[in-house]
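To be precise, the following lines are input-v3.txt, and they hold compact mmCIF, C-alpha atoms.
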```txt
# COMPACT_ATOMS: atom_id res chain seq x y z
CA MET N 1 0.00 0.00 0.00
CA GLU N 2 1.24 3.42 -0.89
CA LEU N 3 0.55 6.33 1.43
CA THR N 4 -0.40 9.31 -0.70
CA ILE N 5 -1.41 12.84 0.19
CA ASN N 6 -5.04 11.94 -0.53
CA TRP N 7 -5.17 9.97 2.71
CA TYR N 8 -4.14 12.95 4.77
CA ILE N 9 -6.60 15.22 3.00
CA ALA N 10 -9.36 12.67 3.57
CA LEU N 11 -8.50 12.47 7.28
CA SER N 12 -8.42 16.25 7.44
CA ALA N 13 -11.83 16.45 5.78
CA VAL N 14 -13.28 13.89 8.19
CA LEU N 15 -11.96 15.74 11.24
CA PHE N 16 -13.21 19.05 9.86
CA SER N 17 -16.66 17.55 9.28
CA LEU N 18 -16.75 16.13 12.80
CA GLY N 19 -15.83 19.57 14.15
CA ALA N 20 -18.58 21.20 12.08
CA LEU N 21 -20.99 18.57 13.35
CA GLY N 22 -20.03 19.47 16.91
CA VAL N 23 -20.54 23.17 16.29
CA LEU N 24 -23.98 22.49 14.83
CA THR N 25 -25.26 19.92 17.29
CA ARG N 26 -23.81 20.66 20.72
CA ARG N 27 -25.36 23.39 22.83
CA ASN N 28 -22.59 23.80 25.39
CA ALA N 29 -20.59 26.87 24.34
CA ILE N 30 -17.29 25.44 25.59
CA ILE N 31 -17.73 22.26 23.56
CA VAL N 32 -18.62 24.38 20.53
CA PHE N 33 -15.29 26.15 21.06
CA MET N 34 -13.46 22.84 21.26
CA SER N 35 -15.08 21.77 18.00
CA ILE N 36 -13.82 24.97 16.38
CA GLU N 37 -10.32 24.10 17.62
CA MET N 38 -10.68 20.70 16.02
CA MET N 39 -11.66 22.29 12.70
CA LEU N 40 -8.62 24.59 12.84
CA ASN N 41 -6.51 21.56 13.58
CA ALA N 42 -7.89 19.73 10.57
CA ALA N 43 -6.96 22.72 8.42
CA ASN N 44 -3.46 22.63 9.90
CA LEU N 45 -3.14 18.97 8.98
CA ALA N 46 -4.06 19.80 5.39
CA PHE N 47 -1.51 22.64 5.37
CA VAL N 48 1.28 20.38 6.59
CA ALA N 49 0.31 17.60 4.18
CA PHE N 50 0.42 19.98 1.23
CA ALA N 51 3.72 21.43 2.44
CA ARG N 52 5.12 17.89 2.52
CA GLN N 53 3.80 17.12 -0.94
CA LEU N 54 5.10 20.31 -2.53
CA GLY N 55 8.44 20.18 -0.71
CA ASP N 56 7.88 23.70 0.49
CA LEU N 57 7.99 25.23 3.97
CA ASP N 58 5.37 27.91 3.38
CA GLY N 59 2.58 25.61 4.51
CA GLN N 60 4.34 24.98 7.80
CA VAL N 61 4.87 28.71 8.35
CA LEU N 62 1.14 29.26 7.81
CA VAL N 63 0.40 26.67 10.49
CA PHE N 64 2.23 28.88 12.98
CA PHE N 65 -0.04 31.77 12.13
CA VAL N 66 -3.11 29.56 12.48
CA ILE N 67 -1.94 28.36 15.89
CA THR N 68 -1.29 31.94 17.03
CA VAL N 69 -4.70 33.12 15.88
CA ALA N 70 -6.30 30.09 17.53
CA ALA N 71 -4.59 30.90 20.82
CA ALA N 72 -5.76 34.53 20.71
CA GLU N 73 -9.25 33.41 19.74
CA VAL N 74 -9.44 30.95 22.62
CA ALA N 75 -8.32 33.58 25.14
CA VAL N 76 -10.93 36.09 23.99
CA GLY N 77 -13.65 33.47 23.52
CA LEU N 78 -13.21 31.94 26.94
CA ALA N 79 -13.19 35.39 28.54
CA LEU N 80 -16.49 36.05 26.72
CA ILE N 81 -17.91 32.76 27.95
CA VAL N 82 -16.90 33.56 31.55
CA THR N 83 -18.52 37.00 31.27
CA ILE N 84 -21.72 35.56 29.81
CA PHE N 85 -21.82 32.86 32.46
CA ARG N 86 -21.49 35.44 35.24
CA SER N 87 -24.45 37.42 33.95
CA LYS N 88 -26.75 34.65 32.68
CA LYS N 89 -25.65 31.66 34.80
CA SER N 90 -25.68 29.51 31.69
CA ILE N 91 -23.50 28.73 28.72
CA ASN N 92 -26.19 27.00 26.72
CA ILE N 93 -25.99 28.81 23.40
CA ASP N 94 -29.74 28.43 22.84
CA GLU N 95 -30.37 30.64 25.84
CA ILE N 96 -27.93 33.31 24.72
CA ASN N 97 -30.14 35.05 22.20
CA LEU N 98 -29.98 38.67 23.30
CA MET N 99 -27.28 41.21 22.65
CA LYS N 100 -28.44 43.01 25.78
CA GLY N 101 -26.74 41.80 28.94
CA MET B 1 8.80 6.26 0.25
CA GLY B 2 5.25 6.44 1.41
CA SER B 3 4.97 2.77 2.17
CA GLY B 4 5.97 0.30 4.84
CA PRO B 5 5.63 1.09 8.54
CA VAL B 6 4.43 4.62 7.89
CA VAL B 7 1.17 3.22 6.49
CA TYR B 8 0.50 1.52 9.81
CA ILE B 9 1.33 4.73 11.68
CA PHE B 10 -1.15 6.62 9.51
CA ILE B 11 -3.91 4.04 9.97
CA LEU B 12 -3.39 3.93 13.74
CA MET B 13 -3.35 7.70 14.08
CA ALA B 14 -6.36 8.16 11.81
CA LEU B 15 -8.24 5.63 13.93
CA VAL B 16 -7.23 7.33 17.18
CA SER B 17 -7.97 10.86 15.98
CA ILE B 18 -11.35 10.08 14.40
CA THR B 19 -12.52 7.95 17.32
CA SER B 20 -11.42 10.50 19.89
CA ALA B 21 -13.18 13.24 17.90
CA ILE B 22 -16.40 11.22 17.92
CA MET B 23 -16.03 10.52 21.64
CA MET B 24 -15.42 14.22 22.25
CA LEU B 25 -18.72 15.02 20.57
CA ARG B 26 -20.55 12.27 22.39
CA SER B 27 -19.38 12.67 25.97
CA HIS B 28 -21.69 14.57 28.28
CA ASN B 29 -19.00 15.85 30.60
CA ALA B 30 -17.11 18.86 29.26
CA ILE B 31 -13.91 17.82 31.05
CA HIS B 32 -14.04 14.43 29.36
CA SER B 33 -14.51 16.22 26.04
CA ALA B 34 -11.40 18.30 26.70
CA LEU B 35 -9.36 15.20 27.50
CA TRP B 36 -10.57 13.47 24.33
CA LEU B 37 -9.50 16.53 22.39
CA VAL B 38 -6.01 16.30 23.93
CA LEU B 39 -5.81 12.72 22.64
CA ASN B 40 -6.95 13.93 19.22
CA PHE B 41 -4.23 16.61 19.15
CA SER B 42 -1.57 14.12 20.23
CA ALA B 43 -2.47 11.73 17.42
CA ILE B 44 -2.27 14.55 14.89
CA ALA B 45 1.11 15.59 16.32
CA VAL B 46 2.43 12.13 15.45
CA LEU B 47 1.18 12.64 11.89
CA TYR B 48 3.05 15.96 11.77
CA VAL B 49 6.30 14.14 12.54
CA VAL B 50 5.59 11.69 9.74
CA LEU B 51 4.87 14.65 7.45
CA ASN B 52 8.33 16.16 7.99
CA ALA B 53 7.18 18.80 10.46
CA PRO B 54 8.79 17.79 13.79
CA PHE B 55 8.92 21.33 15.12
CA ILE B 56 5.24 21.89 14.44
CA ALA B 57 4.54 18.59 16.17
CA MET B 58 6.27 19.91 19.29
CA VAL B 59 4.41 23.22 19.04
CA GLN B 60 1.19 21.26 18.67
CA ILE B 61 1.90 19.35 21.88
CA THR B 62 3.04 22.34 23.94
CA VAL B 63 0.71 25.06 22.67
CA TYR B 64 -2.41 23.16 21.62
CA ALA B 65 -2.50 20.08 23.84
CA GLY B 66 -0.72 21.97 26.61
CA ALA B 67 -1.53 25.65 26.92
CA ILE B 68 -4.85 25.95 25.08
CA MET B 69 -6.37 22.84 26.59
CA VAL B 70 -5.24 23.84 30.09
CA LEU B 71 -7.03 27.13 29.51
CA PHE B 72 -10.16 25.20 28.50
CA LEU B 73 -9.97 22.94 31.54
CA PHE B 74 -9.37 25.94 33.77
CA VAL B 75 -12.47 27.72 32.49
CA ILE B 76 -14.60 24.57 32.70
CA MET B 77 -13.59 24.03 36.31
CA LEU B 78 -13.91 27.74 37.14
CA LEU B 79 -17.49 27.80 35.91
CA GLY B 80 -18.33 24.38 37.28
CA ALA B 81 -19.77 23.85 33.85
CA GLU B 82 -18.70 20.26 33.33
CA GLN B 83 -22.21 18.92 33.68
CA LEU B 84 -23.97 21.62 31.72
CA GLN B 85 -24.97 20.09 28.46
CA GLY B 86 -27.06 20.70 25.45
CA LEU B 87 -27.51 17.31 23.89
CA THR B 88 -29.90 15.70 26.29
CA GLY B 89 -29.32 12.01 26.35
CA ALA B 90 -29.49 9.14 28.74
CA ARG B 91 -26.62 9.23 31.18
CA GLY B 92 -24.87 6.11 32.36
CA GLY B 93 -24.07 4.96 28.87
CA GLU B 94 -20.53 6.25 29.32
CA ARG B 95 -19.10 3.20 31.03
CA TYR B 96 -17.48 1.99 27.84
CA HIS B 97 -15.65 5.30 27.53
CA LYS B 98 -12.94 4.16 29.91
CA PHE B 99 -12.33 1.06 27.81
CA VAL B 100 -12.21 3.07 24.58
CA ALA B 101 -9.79 5.51 26.19
CA PHE B 102 -7.44 2.72 27.23
CA VAL B 103 -7.49 1.18 23.74
CA LEU B 104 -6.91 4.49 21.99
CA VAL B 105 -4.01 5.50 24.23
CA ALA B 106 -2.50 2.06 23.69
CA LEU B 107 -2.83 2.51 19.92
CA LEU B 108 -1.24 5.96 20.21
CA LEU B 109 1.69 4.45 22.08
CA VAL B 110 2.02 1.66 19.50
CA GLY B 111 2.12 4.28 16.75
CA PHE B 112 4.71 6.21 18.72
CA VAL B 113 6.90 3.12 19.12
CA ILE B 114 6.65 2.33 15.40
CA LEU B 115 7.58 5.94 14.68
CA LEU B 116 10.62 5.79 16.95
CA THR B 117 11.89 2.43 15.76
CA LYS B 118 10.97 2.05 12.10
CA GLY B 119 9.41 5.24 10.84
CA GLY B 120 11.25 8.44 10.41
CA VAL B 121 10.76 12.14 10.16
CA GLY B 122 9.16 12.91 6.84
CA SER B 123 8.70 9.29 5.80
CA GLY B 124 5.02 9.82 5.02
CA GLY B 125 5.24 11.57 1.69
CA GLU B 126 6.07 10.84 -1.90
CA THR B 127 8.38 13.73 -2.74
CA ALA B 128 11.87 14.49 -1.49
CA VAL B 129 12.28 15.57 2.13
CA VAL B 130 13.23 19.22 2.56
CA ASP B 131 14.99 20.71 5.56
CA SER B 132 12.31 21.57 8.10
CA SER B 133 14.50 22.32 11.10
CA PRO B 134 13.56 25.28 13.32
CA VAL B 135 16.40 27.21 11.68
CA ALA B 136 14.97 26.74 8.20
CA LEU B 137 11.45 27.53 9.41
CA GLY B 138 12.60 30.68 11.18
CA LEU B 139 14.49 31.86 8.13
CA ARG B 140 11.43 31.32 5.94
CA LEU B 141 9.23 33.09 8.50
CA PHE B 142 11.40 36.18 8.76
CA GLU B 143 12.39 36.36 5.11
CA GLY B 144 8.97 36.03 3.54
CA TYR B 145 6.41 36.71 6.25
CA VAL B 146 7.63 39.68 8.26
CA LEU B 147 4.48 41.74 7.78
CA PRO B 148 2.08 38.89 8.76
CA PHE B 149 4.33 38.26 11.74
CA GLU B 150 3.96 41.87 12.88
CA VAL B 151 0.21 41.76 12.28
CA THR B 152 0.05 38.64 14.44
CA GLY B 153 1.80 40.57 17.20
CA VAL B 154 -0.83 43.31 16.96
CA LEU B 155 -3.55 40.66 17.04
CA LEU B 156 -2.13 39.16 20.23
CA LEU B 157 -1.92 42.63 21.79
CA ALA B 158 -5.55 43.26 20.85
CA ALA B 159 -6.53 39.93 22.41
CA ILE B 160 -4.68 40.78 25.63
CA ILE B 161 -6.36 44.18 25.84
CA GLY B 162 -9.75 42.65 25.08
CA VAL B 163 -9.43 40.06 27.82
CA ALA B 164 -8.23 42.70 30.27
CA VAL B 165 -11.23 44.88 29.45
CA PHE B 166 -13.62 41.96 29.94
CA SER B 167 -12.30 41.12 33.36
CA ARG B 168 -12.05 44.75 34.45
CA SER B 169 -15.60 45.82 33.68
CA LYS B 170 -16.94 43.04 35.89
CA LYS B 171 -14.97 44.22 38.90
CA LYS B 172 -16.36 47.71 38.40
CA LYS B 173 -19.91 46.33 38.35
CA LYS B 174 -19.38 44.45 41.58
CA ALA B 175 -17.76 47.40 43.34
```
What does this structure look like when you write it as structure tokens?
Amino acid sequence: MELTINWYIALSAVLFSLGALGVLTRRNAIIVFMSIEMMLNAANLAFVAFARQLGDLDGQVLVFFVITVAAAEVAVGLALIVTIFRSKKSINIDEINLMKG
Amino acid sequence: MGSGPVVYIFILMALVSITSAIMMLRSHNAIHSALWLVLNFSAIAVLYVVLNAPFIAMVQITVYAGAIMVLFLFVIMLLGAEQLQGLTGARGGERYHKFVAFVLVALLLVGFVILLTKGGVGSGGETAVVDSSPVALGLRLFEGYVLPFEVTGVLLLAAIIGVAVFSRSKKKKKA
């Protein structure tokens, strides 16, 4: 059996779909965030796989940017979740339907 | 090049990552979800090594599976939100989770051993292996991506200020 780039892209697509499924089905805001992380990670896997295939480092450099943005996003997102939880006593995203605090 | 032991590593890691992703979506306890996600990230880190990106694999372990997931766990425990859930389902059906976790971690370790003994950095592709040491990566980063690098710094600063503002306005409300 020969391991080609298609396998990695397929795995990346599966993980991305599972992450999207989590975002759409789960109602716990923290788990929705984790699913988003998983989708970013699937994109990273595709980046690295393409970098390997093309023999180029640009894909790997882009992964660094994705990881940095993900870290910033998690910090802000979790601070938002903590703030919302303090005011509404819930992180069920179905109950968070008002812009007003 | 892309054959031999690396095929087994890929199959094992694909199995571990997909199963742990499904378990993450299915578990009712947010802390369990976070731990499943750590397993998912670890499996993908092994794939990064196979894909000639050892430094990114280490960053994945330290930043993603380490720092970001610790932040998640911290917030979950701070809020006491581990039992809050959206998907209502019958509880008690999670007894097999422990078994699945043992099997998946064992598979991860098997993949790791294969990687250390028979596989190699960058053995999972078809084209020639290029130098992907931290030196080469840093050179590429600072030669071709200086502006994005600076913009990322501004983004991190904005995130820090945003988080500080969030936590400050609450104190004012209480006082």
ask   = Can you tell me, as a PyMOL selection string, which residues sit within 6 Å of (-14.6, 15.0, 22.7) in the file's frame, using all atoms listed in the file?
value = chain B and resi 21+23-25+33+36-37
Using only C-alpha atoms, I'd like a table of the residues in chain N that come within 6 Å of chain B; for each, show the closest atom pair and its distance in Å rounded to one decimal, ordered by chain and ascending number, as JSON lines.
```
{"residue": "N:Glu2", "atom": "CA", "partner": "B:Ser3", "partner_atom": "CA", "distance": 4.9}
{"residue": "N:Leu3", "atom": "CA", "partner": "B:Gly2", "partner_atom": "CA", "distance": 4.7}
{"residue": "N:Gly22", "atom": "CA", "partner": "B:Leu25", "partner_atom": "CA", "distance": 5.9}
{"residue": "N:Arg26", "atom": "CA", "partner": "B:Gly86", "partner_atom": "CA", "distance": 5.7}
{"residue": "N:Arg27", "atom": "CA", "partner": "B:Gly86", "partner_atom": "CA", "distance": 4.1}
{"residue": "N:Asn28", "atom": "CA", "partner": "B:Gln85", "partner_atom": "CA", "distance": 5.4}
{"residue": "N:Arg52", "atom": "CA", "partner": "B:Leu51", "partner_atom": "CA", "distance": 5.9}
{"residue": "N:Gln53", "atom": "CA", "partner": "B:Thr127", "partner_atom": "CA", "distance": 6.0}
{"residue": "N:Gly55", "atom": "CA", "partner": "B:Val130", "partner_atom": "CA", "distance": 5.9}
{"residue": "N:Ala72", "atom": "CA", "partner": "B:Ala159", "partner_atom": "CA", "distance": 5.7}
{"residue": "N:Val76", "atom": "CA", "partner": "B:Val163", "partner_atom": "CA", "distance": 5.7}
```
query = Which of these residues is nearest to N:Leu21, using all atoms listed in the file: N:Val48, N:Met39, N:Leu62, N:Ile9?
reply = N:Met39
ask   = Which residues, written as a list of chain:residue names, have at least one atom at most 8 Å from stretch 33-38 of chain N, with only C-alpha atoms counted and residues fewer than 6 positions away on the same chain left out?
value = N:Leu15, N:Phe16, N:Leu18, N:Gly19, N:Ala20, N:Gly22, N:Val23, N:Ala70, N:Val74, N:Gly77, B:Ala34, B:Leu37
Output C-alpha atoms for every residue in the selection just made, as a PDB file, in the coordinates of the input.
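Full text of part.pdb as output:
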```
ATOM      1  CA  LEU N  15     -11.960  15.740  11.240  1.00  0.00           C
ATOM      2  CA  PHE N  16     -13.210  19.050   9.860  1.00  0.00           C
ATOM      3  CA  LEU N  18     -16.750  16.130  12.800  1.00  0.00           C
ATOM      4  CA  GLY N  19     -15.830  19.570  14.150  1.00  0.00           C
ATOM      5  CA  ALA N  20     -18.580  21.200  12.080  1.00  0.00           C
ATOM      6  CA  GLY N  22     -20.030  19.470  16.910  1.00  0.00           C
ATOM      7  CA  VAL N  23     -20.540  23.170  16.290  1.00  0.00           C
ATOM      8  CA  ALA N  70      -6.300  30.090  17.530  1.00  0.00           C
ATOM      9  CA  VAL N  74      -9.440  30.950  22.620  1.00  0.00           C
ATOM     10  CA  GLY N  77     -13.650  33.470  23.520  1.00  0.00           C
TER      11      GLY N  77
ATOM     12  CA  ALA B  34     -11.400  18.300  26.700  1.00  0.00           C
ATOM     13  CA  LEU B  37      -9.500  16.530  22.390  1.00  0.00           C
TER      14      LEU B  37
END
```
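Closest approach to B:Met77 from the set N:Val61, N:Ala10, N:Leu54, N:Val82 is made by N:Val82, with distances taken over all atoms listed in the file.
Minimum distance to N:Leu57 across B:Val146, B:Leu115, B:Val135, B:Leu39 (counting only C-alpha atoms) occurs at B:Val135.
Minimum distance to N:Phe65 across B:Leu147, B:Pro134, B:Gly80, B:Val121 (counting all atoms listed in the file) occurs at B:Leu147.
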